[in-house]
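Okay, so here's the structure we're looking at.
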Number of protein chains: 2
Amino acid sequence: MGIIKNVDLTKKANIYFDGNVTSRSYVENGVSKSLGIMMPGEYTFGTQKAEHMEIIAGKVEVLIACGDSNWEEVNAGEYFEVPANCSFDIKVLEITDYCCTYID
Amino acid sequence: MGIIKNVDLTKKANIYFDGNVTSRSYVENGVSKSLGIMMPGEYTFGTQKAEHMEIIAGKVEVLIACGDSNWEEVNAGEYFEVPANCSFDIKVLEITDYCCTYID
């Protein structure tokens with residue numbers, strides 16, 4: 001956990017769903033990532049690049065549209081991955097702190 | 001605006017008021033700062049160090065407990081400052097993206 005060194009941080013927030021999901025974009029060693037917060041609720045996101053979603057704190061259930069059609073519970077310390085050009089539904093059961101890595 | 005280069009970013013979010021205020025701490029050139037989001041509502045914060053609060057987007061009204069006793073409107077592109085060991089009440093009128101600098 002701790003501190004992520006020497007990143008380039010975008011000052012302006014990304015705000016989705018009336019602020020119920022917000023994130024901060026940064027670049028670490030040339031890799032685009034974001035740190036975000038999701039308030040409890042249900043959301044659908046589309047992907048352009050593939051995404052690795054690490055749940056830092058909180059609890060979600062996720063259904064990946066182009067994967068097998070099962071809801072999967074993802075807890076703090078766990079992650080899920082979403083292919084490029086796909087979408088996922090997410091049920092945020094507790095306020096959730098996450099780190100998203102965009103995969104080329 | 002744009003990109004803040006070469007910062008050390010704390011991975012875990014700061015979460016206040018049930019997630020209605022969240023922030024990300026970082027250090028830029030040895031100076032502690034945070035980027036945060038406030039959802040509409042009214043909040044009271046105490047300060048330890050003095051704070052320079054830049055409103056990146058949104059709109060607030062602020063009352064600084066140890067300053068003159070007037071509510072001041074602060075809009076996007078503006079800032080307010082709070083002395084150390086003080087407190088301030090803030091009415092967030094629109095979802096607000098801010099940058100806080102802690103002043104030694």
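Chain labels A, B, ... are given in the sequence in which chains occur in the structure tokens; within each chain residues are numbered consecutively from 1, and ligands are likewise numbered from 1 in the order shown.
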Contact residues (chain B, partner chain A, 6 Å, only C-alpha atoms) as a list in words: Gly2, Ile3, Ile4, Lys5, Asn6, Val7, Asp8, Leu9, Thr10 and Lys11 of chain B
With chain A held fixed, move chain B onto it by a least-squares fit of all C-alpha atoms in order and give the output as a CSV table (one decimal) with N, CA, C and O atoms, in the first residue's frame.
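Output file result_13.csv follows:
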chain,number,residue,atom,x,y,z
B,1,MET,N,0.8,-1.2,-0.3
B,1,MET,CA,0.0,0.0,-0.1
B,1,MET,C,0.9,1.2,-0.1
B,1,MET,O,1.8,1.3,-0.8
B,2,GLY,N,0.7,2.1,0.8
B,2,GLY,CA,1.6,3.2,1.0
B,2,GLY,C,1.6,4.2,-0.1
B,2,GLY,O,0.6,4.7,-0.5
B,3,ILE,N,2.8,4.6,-0.5
B,3,ILE,CA,3.0,5.8,-1.3
B,3,ILE,C,3.5,5.3,-2.7
B,3,ILE,O,4.3,4.4,-2.8
B,4,ILE,N,2.9,5.9,-3.7
B,4,ILE,CA,3.3,5.6,-5.1
B,4,ILE,C,4.2,6.8,-5.5
B,4,ILE,O,3.7,7.9,-5.6
B,5,LYS,N,5.4,6.4,-5.8
B,5,LYS,CA,6.4,7.5,-6.0
B,5,LYS,C,6.5,8.0,-7.5
B,5,LYS,O,6.2,7.2,-8.4
B,6,ASN,N,6.8,9.2,-7.6
B,6,ASN,CA,7.1,9.8,-8.9
B,6,ASN,C,6.0,9.6,-10.0
B,6,ASN,O,6.3,9.1,-11.1
B,7,VAL,N,4.8,10.0,-9.7
B,7,VAL,CA,3.7,9.9,-10.7
B,7,VAL,C,3.4,11.3,-11.2
B,7,VAL,O,3.7,12.3,-10.6
B,8,ASP,N,2.8,11.3,-12.4
B,8,ASP,CA,2.2,12.5,-13.0
B,8,ASP,C,0.7,12.5,-12.7
B,8,ASP,O,0.1,11.5,-13.2
B,9,LEU,N,0.2,13.4,-12.0
B,9,LEU,CA,-1.1,13.4,-11.5
B,9,LEU,C,-2.0,14.5,-12.2
B,9,LEU,O,-1.5,15.6,-12.3
B,10,THR,N,-3.1,14.1,-12.7
B,10,THR,CA,-4.0,15.1,-13.4
B,10,THR,C,-4.8,15.8,-12.3
B,10,THR,O,-5.3,15.2,-11.4
B,11,LYS,N,-4.7,17.1,-12.3
B,11,LYS,CA,-5.3,17.9,-11.2
B,11,LYS,C,-6.8,17.8,-11.2
B,11,LYS,O,-7.4,17.7,-10.1
B,12,LYS,N,-7.4,17.9,-12.3
B,12,LYS,CA,-8.9,17.9,-12.4
B,12,LYS,C,-9.5,16.5,-12.2
B,12,LYS,O,-9.0,15.5,-12.8
B,13,ALA,N,-10.5,16.4,-11.4
B,13,ALA,CA,-11.1,15.1,-11.1
B,13,ALA,C,-12.0,14.6,-12.4
B,13,ALA,O,-12.5,15.4,-13.1
B,14,ASN,N,-12.1,13.3,-12.5
B,14,ASN,CA,-13.1,12.7,-13.3
B,14,ASN,C,-14.4,12.4,-12.5
B,14,ASN,O,-14.3,11.9,-11.4
B,15,ILE,N,-15.5,12.9,-13.0
B,15,ILE,CA,-16.7,12.9,-12.2
B,15,ILE,C,-17.8,12.1,-13.0
B,15,ILE,O,-18.1,12.6,-14.1
B,16,TYR,N,-18.3,11.0,-12.5
B,16,TYR,CA,-19.3,10.2,-13.2
B,16,TYR,C,-20.5,10.1,-12.3
B,16,TYR,O,-20.4,10.1,-11.1
B,17,PHE,N,-21.7,9.8,-12.9
B,17,PHE,CA,-22.9,9.5,-12.1
B,17,PHE,C,-23.2,10.6,-11.0
B,17,PHE,O,-23.3,10.2,-9.8
B,18,ASP,N,-23.2,11.8,-11.4
B,18,ASP,CA,-23.5,12.9,-10.5
B,18,ASP,C,-22.6,12.9,-9.3
B,18,ASP,O,-22.9,13.3,-8.2
B,19,GLY,N,-21.3,12.5,-9.5
B,19,GLY,CA,-20.4,12.5,-8.4
B,19,GLY,C,-20.4,11.2,-7.5
B,19,GLY,O,-19.6,11.1,-6.6
B,20,ASN,N,-21.2,10.3,-7.8
B,20,ASN,CA,-21.2,9.1,-7.1
B,20,ASN,C,-20.0,8.2,-7.4
B,20,ASN,O,-19.7,7.3,-6.6
B,21,VAL,N,-19.4,8.4,-8.5
B,21,VAL,CA,-18.1,7.8,-8.8
B,21,VAL,C,-17.2,8.9,-9.3
B,21,VAL,O,-17.6,9.7,-10.1
B,22,THR,N,-16.1,9.0,-8.6
B,22,THR,CA,-15.1,10.0,-9.0
B,22,THR,C,-13.7,9.4,-9.0
B,22,THR,O,-13.5,8.4,-8.3
B,23,SER,N,-12.8,9.9,-9.8
B,23,SER,CA,-11.5,9.4,-9.8
B,23,SER,C,-10.5,10.4,-10.2
B,23,SER,O,-10.8,11.5,-10.7
B,24,ARG,N,-9.2,10.1,-9.9
B,24,ARG,CA,-8.0,10.9,-10.2
B,24,ARG,C,-7.1,10.1,-11.1
B,24,ARG,O,-6.7,9.0,-10.8
B,25,SER,N,-6.8,10.6,-12.3
B,25,SER,CA,-5.9,10.0,-13.2
B,25,SER,C,-4.5,10.2,-12.9
B,25,SER,O,-4.1,11.4,-12.5
B,26,TYR,N,-3.6,9.2,-13.1
B,26,TYR,CA,-2.2,9.5,-13.0
B,26,TYR,C,-1.4,8.5,-13.8
B,26,TYR,O,-2.0,7.5,-14.3
B,27,VAL,N,-0.2,8.8,-14.1
B,27,VAL,CA,0.7,7.9,-14.9
B,27,VAL,C,1.9,7.5,-14.0
B,27,VAL,O,2.5,8.4,-13.4
B,28,GLU,N,2.0,6.2,-13.9
B,28,GLU,CA,3.1,5.6,-13.1
B,28,GLU,C,4.0,4.8,-14.0
B,28,GLU,O,3.5,3.8,-14.6
B,29,ASN,N,5.2,5.1,-14.2
B,29,ASN,CA,6.2,4.4,-15.1
B,29,ASN,C,5.5,4.2,-16.5
B,29,ASN,O,5.6,3.1,-17.0
B,30,GLY,N,4.9,5.3,-17.0
B,30,GLY,CA,4.3,5.2,-18.3
B,30,GLY,C,3.0,4.5,-18.4
B,30,GLY,O,2.4,4.4,-19.5
B,31,VAL,N,2.5,4.0,-17.3
B,31,VAL,CA,1.2,3.3,-17.3
B,31,VAL,C,0.1,4.2,-16.8
B,31,VAL,O,0.2,4.7,-15.7
B,32,SER,N,-1.0,4.3,-17.5
B,32,SER,CA,-2.1,5.1,-17.1
B,32,SER,C,-3.0,4.3,-16.1
B,32,SER,O,-3.3,3.2,-16.3
B,33,LYS,N,-3.2,5.0,-15.0
B,33,LYS,CA,-4.0,4.4,-13.9
B,33,LYS,C,-4.9,5.5,-13.3
B,33,LYS,O,-4.8,6.7,-13.6
B,34,SER,N,-5.9,5.1,-12.5
B,34,SER,CA,-6.7,6.1,-11.7
B,34,SER,C,-7.0,5.5,-10.4
B,34,SER,O,-7.1,4.3,-10.2
B,35,LEU,N,-7.1,6.4,-9.4
B,35,LEU,CA,-7.6,6.1,-8.1
B,35,LEU,C,-9.0,6.7,-7.9
B,35,LEU,O,-9.1,7.9,-8.2
B,36,GLY,N,-9.9,5.9,-7.5
B,36,GLY,CA,-11.3,6.4,-7.4
B,36,GLY,C,-12.1,6.0,-6.2
B,36,GLY,O,-11.7,5.1,-5.5
B,37,ILE,N,-13.2,6.6,-6.1
B,37,ILE,CA,-14.2,6.3,-5.0
B,37,ILE,C,-15.5,6.0,-5.7
B,37,ILE,O,-16.0,6.8,-6.5
B,38,MET,N,-16.2,5.0,-5.3
B,38,MET,CA,-17.6,4.7,-5.7
B,38,MET,C,-18.5,4.7,-4.5
B,38,MET,O,-18.2,3.9,-3.5
B,39,MET,N,-19.5,5.5,-4.5
B,39,MET,CA,-20.5,5.5,-3.4
B,39,MET,C,-21.4,4.3,-3.7
B,39,MET,O,-21.5,3.8,-4.8
B,40,PRO,N,-22.1,3.8,-2.7
B,40,PRO,CA,-23.0,2.6,-2.9
B,40,PRO,C,-24.0,3.0,-4.0
B,40,PRO,O,-24.5,4.1,-4.1
B,41,GLY,N,-24.3,1.9,-4.8
B,41,GLY,CA,-25.2,2.1,-5.9
B,41,GLY,C,-24.9,1.1,-7.0
B,41,GLY,O,-24.0,0.2,-6.8
B,42,GLU,N,-25.6,1.2,-8.1
B,42,GLU,CA,-25.3,0.3,-9.2
B,42,GLU,C,-25.0,1.2,-10.4
B,42,GLU,O,-25.7,2.2,-10.7
B,43,TYR,N,-23.9,0.8,-11.1
B,43,TYR,CA,-23.4,1.5,-12.3
B,43,TYR,C,-23.0,0.6,-13.4
B,43,TYR,O,-22.7,-0.6,-13.2
B,44,THR,N,-23.0,1.1,-14.6
B,44,THR,CA,-22.5,0.4,-15.8
B,44,THR,C,-21.4,1.2,-16.4
B,44,THR,O,-21.6,2.4,-16.6
B,45,PHE,N,-20.3,0.6,-16.7
B,45,PHE,CA,-19.2,1.3,-17.3
B,45,PHE,C,-18.8,0.5,-18.6
B,45,PHE,O,-18.7,-0.7,-18.6
B,46,GLY,N,-18.4,1.3,-19.6
B,46,GLY,CA,-17.8,0.7,-20.8
B,46,GLY,C,-16.3,0.8,-20.7
B,46,GLY,O,-15.8,1.7,-20.1
B,47,THR,N,-15.6,-0.1,-21.3
B,47,THR,CA,-14.2,0.0,-21.4
B,47,THR,C,-13.7,0.3,-22.8
B,47,THR,O,-14.4,-0.1,-23.8
B,48,GLN,N,-12.6,1.0,-23.0
B,48,GLN,CA,-11.9,1.1,-24.3
B,48,GLN,C,-10.7,0.2,-24.2
B,48,GLN,O,-10.7,-0.9,-24.8
B,49,LYS,N,-9.7,0.6,-23.3
B,49,LYS,CA,-8.7,-0.4,-23.0
B,49,LYS,C,-9.2,-1.4,-22.0
B,49,LYS,O,-10.2,-1.2,-21.3
B,50,ALA,N,-8.5,-2.5,-21.9
B,50,ALA,CA,-8.7,-3.5,-20.8
B,50,ALA,C,-8.4,-2.8,-19.5
B,50,ALA,O,-7.5,-1.9,-19.4
B,51,GLU,N,-9.1,-3.2,-18.5
B,51,GLU,CA,-8.9,-2.7,-17.1
B,51,GLU,C,-8.6,-3.7,-16.1
B,51,GLU,O,-9.3,-4.8,-16.1
B,52,HIS,N,-7.7,-3.4,-15.2
B,52,HIS,CA,-7.4,-4.2,-14.0
B,52,HIS,C,-7.9,-3.4,-12.8
B,52,HIS,O,-7.4,-2.3,-12.6
B,53,MET,N,-9.0,-3.8,-12.1
B,53,MET,CA,-9.6,-3.1,-11.1
B,53,MET,C,-9.3,-3.7,-9.7
B,53,MET,O,-9.8,-4.8,-9.4
B,54,GLU,N,-8.4,-3.0,-9.0
B,54,GLU,CA,-8.1,-3.4,-7.6
B,54,GLU,C,-9.0,-2.8,-6.6
B,54,GLU,O,-9.1,-1.5,-6.6
B,55,ILE,N,-9.6,-3.5,-5.8
B,55,ILE,CA,-10.5,-3.0,-4.7
B,55,ILE,C,-9.6,-2.7,-3.5
B,55,ILE,O,-9.1,-3.7,-2.8
B,56,ILE,N,-9.3,-1.5,-3.2
B,56,ILE,CA,-8.4,-1.2,-2.0
B,56,ILE,C,-9.2,-1.3,-0.7
B,56,ILE,O,-8.7,-1.8,0.3
B,57,ALA,N,-10.4,-0.8,-0.7
B,57,ALA,CA,-11.3,-0.9,0.4
B,57,ALA,C,-12.8,-0.9,-0.1
B,57,ALA,O,-13.0,-0.4,-1.1
B,58,GLY,N,-13.6,-1.6,0.6
B,58,GLY,CA,-15.0,-1.7,0.2
B,58,GLY,C,-15.4,-3.0,-0.2
B,58,GLY,O,-14.7,-4.0,0.0
B,59,LYS,N,-16.5,-3.1,-0.9
B,59,LYS,CA,-17.1,-4.4,-1.4
B,59,LYS,C,-18.0,-4.2,-2.6
B,59,LYS,O,-18.8,-3.3,-2.5
B,60,VAL,N,-17.8,-4.9,-3.7
B,60,VAL,CA,-18.6,-4.8,-4.9
B,60,VAL,C,-19.0,-6.2,-5.4
B,60,VAL,O,-18.4,-7.2,-5.0
B,61,GLU,N,-20.0,-6.2,-6.2
B,61,GLU,CA,-20.3,-7.3,-7.1
B,61,GLU,C,-20.2,-6.8,-8.5
B,61,GLU,O,-20.7,-5.7,-8.8
B,62,VAL,N,-19.7,-7.7,-9.4
B,62,VAL,CA,-19.4,-7.2,-10.7
B,62,VAL,C,-19.9,-8.3,-11.7
B,62,VAL,O,-19.8,-9.5,-11.5
B,63,LEU,N,-20.5,-7.8,-12.8
B,63,LEU,CA,-20.9,-8.7,-13.9
B,63,LEU,C,-20.3,-8.2,-15.2
B,63,LEU,O,-20.6,-7.0,-15.6
B,64,ILE,N,-19.4,-9.0,-15.8
B,64,ILE,CA,-18.7,-8.5,-17.0
B,64,ILE,C,-19.4,-9.0,-18.2
B,64,ILE,O,-19.7,-10.2,-18.4
B,65,ALA,N,-19.8,-8.0,-19.0
B,65,ALA,CA,-20.8,-8.3,-20.1
B,65,ALA,C,-20.2,-9.3,-21.1
B,65,ALA,O,-20.9,-10.2,-21.6
B,66,CYS,N,-18.9,-9.3,-21.4
B,66,CYS,CA,-18.3,-10.2,-22.4
B,66,CYS,C,-17.6,-11.3,-21.7
B,66,CYS,O,-16.8,-12.0,-22.4
B,67,GLY,N,-17.8,-11.6,-20.5
B,67,GLY,CA,-17.3,-12.7,-19.8
B,67,GLY,C,-18.3,-13.8,-19.6
B,67,GLY,O,-19.4,-13.8,-20.2
B,68,ASP,N,-18.1,-14.6,-18.6
B,68,ASP,CA,-19.2,-15.5,-18.2
B,68,ASP,C,-20.3,-14.7,-17.5
B,68,ASP,O,-19.9,-13.7,-16.8
B,69,SER,N,-21.5,-15.1,-17.5
B,69,SER,CA,-22.6,-14.3,-17.1
B,69,SER,C,-22.9,-14.5,-15.6
B,69,SER,O,-24.0,-14.8,-15.3
B,70,ASN,N,-21.9,-14.4,-14.7
B,70,ASN,CA,-22.1,-14.6,-13.3
B,70,ASN,C,-21.7,-13.3,-12.6
B,70,ASN,O,-20.6,-12.8,-12.9
B,71,TRP,N,-22.5,-12.9,-11.6
B,71,TRP,CA,-22.1,-11.9,-10.7
B,71,TRP,C,-21.0,-12.4,-9.8
B,71,TRP,O,-21.1,-13.5,-9.3
B,72,GLU,N,-19.9,-11.7,-9.6
B,72,GLU,CA,-18.8,-12.1,-8.8
B,72,GLU,C,-18.6,-11.0,-7.7
B,72,GLU,O,-18.6,-9.8,-8.0
B,73,GLU,N,-18.5,-11.5,-6.5
B,73,GLU,CA,-18.2,-10.6,-5.4
B,73,GLU,C,-16.7,-10.3,-5.3
B,73,GLU,O,-15.9,-11.2,-5.4
B,74,VAL,N,-16.4,-9.1,-5.1
B,74,VAL,CA,-14.9,-8.7,-5.0
B,74,VAL,C,-14.8,-7.8,-3.8
B,74,VAL,O,-15.4,-6.8,-3.6
B,75,ASN,N,-13.9,-8.2,-2.9
B,75,ASN,CA,-13.7,-7.6,-1.6
B,75,ASN,C,-12.3,-6.8,-1.6
B,75,ASN,O,-11.5,-7.0,-2.5
B,76,ALA,N,-12.2,-6.1,-0.5
B,76,ALA,CA,-10.9,-5.4,-0.3
B,76,ALA,C,-9.7,-6.3,-0.5
B,76,ALA,O,-9.7,-7.4,0.1
B,77,GLY,N,-8.7,-5.9,-1.2
B,77,GLY,CA,-7.5,-6.7,-1.5
B,77,GLY,C,-7.6,-7.6,-2.7
B,77,GLY,O,-6.7,-8.2,-3.0
B,78,GLU,N,-8.8,-7.6,-3.3
B,78,GLU,CA,-9.0,-8.5,-4.5
B,78,GLU,C,-9.1,-7.6,-5.7
B,78,GLU,O,-9.2,-6.4,-5.6
B,79,TYR,N,-9.2,-8.2,-6.9
B,79,TYR,CA,-9.3,-7.4,-8.1
B,79,TYR,C,-10.2,-8.2,-9.1
B,79,TYR,O,-10.5,-9.4,-8.9
B,80,PHE,N,-10.6,-7.5,-10.1
B,80,PHE,CA,-11.2,-8.1,-11.3
B,80,PHE,C,-10.7,-7.4,-12.6
B,80,PHE,O,-10.1,-6.4,-12.5
B,81,GLU,N,-10.8,-8.1,-13.7
B,81,GLU,CA,-10.3,-7.6,-14.9
B,81,GLU,C,-11.4,-7.6,-16.0
B,81,GLU,O,-12.2,-8.5,-16.0
B,82,VAL,N,-11.4,-6.6,-16.8
B,82,VAL,CA,-12.4,-6.4,-17.9
B,82,VAL,C,-11.7,-6.3,-19.2
B,82,VAL,O,-10.8,-5.5,-19.3
B,83,PRO,N,-12.1,-7.0,-20.2
B,83,PRO,CA,-11.5,-6.9,-21.5
B,83,PRO,C,-11.7,-5.5,-22.1
B,83,PRO,O,-12.6,-4.8,-21.7
B,84,ALA,N,-10.9,-5.2,-23.1
B,84,ALA,CA,-11.1,-4.0,-23.9
B,84,ALA,C,-12.5,-4.0,-24.6
B,84,ALA,O,-13.0,-5.1,-24.9
B,85,ASN,N,-13.0,-2.8,-24.9
B,85,ASN,CA,-14.2,-2.7,-25.7
B,85,ASN,C,-15.3,-3.6,-25.2
B,85,ASN,O,-16.0,-4.4,-25.9
B,86,CYS,N,-15.5,-3.6,-23.9
B,86,CYS,CA,-16.5,-4.4,-23.2
B,86,CYS,C,-17.3,-3.5,-22.3
B,86,CYS,O,-17.1,-2.3,-22.3
B,87,SER,N,-18.1,-4.0,-21.4
B,87,SER,CA,-18.7,-3.2,-20.4
B,87,SER,C,-18.9,-4.1,-19.1
B,87,SER,O,-18.8,-5.3,-19.2
B,88,PHE,N,-19.1,-3.5,-18.0
B,88,PHE,CA,-19.4,-4.2,-16.8
B,88,PHE,C,-20.4,-3.5,-16.0
B,88,PHE,O,-20.5,-2.2,-15.9
B,89,ASP,N,-21.3,-4.3,-15.3
B,89,ASP,CA,-22.2,-3.7,-14.3
B,89,ASP,C,-21.6,-3.9,-12.9
B,89,ASP,O,-21.0,-5.0,-12.7
B,90,ILE,N,-21.7,-3.0,-12.1
B,90,ILE,CA,-21.1,-3.1,-10.8
B,90,ILE,C,-22.1,-2.6,-9.7
B,90,ILE,O,-22.8,-1.6,-9.9
B,91,LYS,N,-22.3,-3.5,-8.7
B,91,LYS,CA,-23.1,-3.1,-7.5
B,91,LYS,C,-22.1,-2.8,-6.4
B,91,LYS,O,-21.4,-3.7,-6.0
B,92,VAL,N,-22.1,-1.5,-6.0
B,92,VAL,CA,-21.2,-1.1,-4.9
B,92,VAL,C,-22.0,-1.3,-3.6
B,92,VAL,O,-23.0,-0.5,-3.3
B,93,LEU,N,-21.5,-2.2,-2.8
B,93,LEU,CA,-22.3,-2.5,-1.5
B,93,LEU,C,-21.8,-1.7,-0.4
B,93,LEU,O,-22.6,-1.5,0.6
B,94,GLU,N,-20.6,-1.3,-0.4
B,94,GLU,CA,-20.0,-0.4,0.6
B,94,GLU,C,-19.2,0.7,-0.1
B,94,GLU,O,-18.7,0.3,-1.2
B,95,ILE,N,-19.1,1.8,0.4
B,95,ILE,CA,-18.2,2.8,-0.2
B,95,ILE,C,-16.9,2.2,-0.5
B,95,ILE,O,-16.3,1.5,0.3
B,96,THR,N,-16.4,2.3,-1.8
B,96,THR,CA,-15.3,1.6,-2.3
B,96,THR,C,-14.2,2.5,-2.9
B,96,THR,O,-14.5,3.4,-3.6
B,97,ASP,N,-13.0,2.2,-2.4
B,97,ASP,CA,-11.8,2.9,-2.8
B,97,ASP,C,-11.1,1.9,-3.8
B,97,ASP,O,-10.9,0.7,-3.5
B,98,TYR,N,-10.8,2.4,-5.0
B,98,TYR,CA,-10.2,1.4,-6.0
B,98,TYR,C,-9.1,2.0,-6.8
B,98,TYR,O,-8.9,3.3,-6.8
B,99,CYS,N,-8.3,1.2,-7.4
B,99,CYS,CA,-7.2,1.6,-8.3
B,99,CYS,C,-7.4,0.8,-9.6
B,99,CYS,O,-7.5,-0.4,-9.6
B,100,CYS,N,-7.6,1.6,-10.7
B,100,CYS,CA,-7.8,1.0,-12.0
B,100,CYS,C,-6.5,1.2,-12.8
B,100,CYS,O,-6.0,2.3,-12.9
B,101,THR,N,-6.0,0.1,-13.4
B,101,THR,CA,-4.9,0.2,-14.3
B,101,THR,C,-5.4,-0.1,-15.7
B,101,THR,O,-6.1,-1.1,-15.9
B,102,TYR,N,-5.0,0.7,-16.7
B,102,TYR,CA,-5.5,0.5,-18.1
B,102,TYR,C,-4.4,-0.3,-18.8
B,102,TYR,O,-3.2,0.1,-18.7
B,103,ILE,N,-4.8,-1.4,-19.4
B,103,ILE,CA,-3.8,-2.3,-20.0
B,103,ILE,C,-3.8,-2.2,-21.5
B,103,ILE,O,-4.9,-2.3,-22.1
B,104,ASP,N,-2.7,-2.0,-22.1
B,104,ASP,CA,-2.6,-1.9,-23.5
B,104,ASP,C,-2.6,-3.3,-24.2
B,104,ASP,O,-2.2,-4.2,-23.6
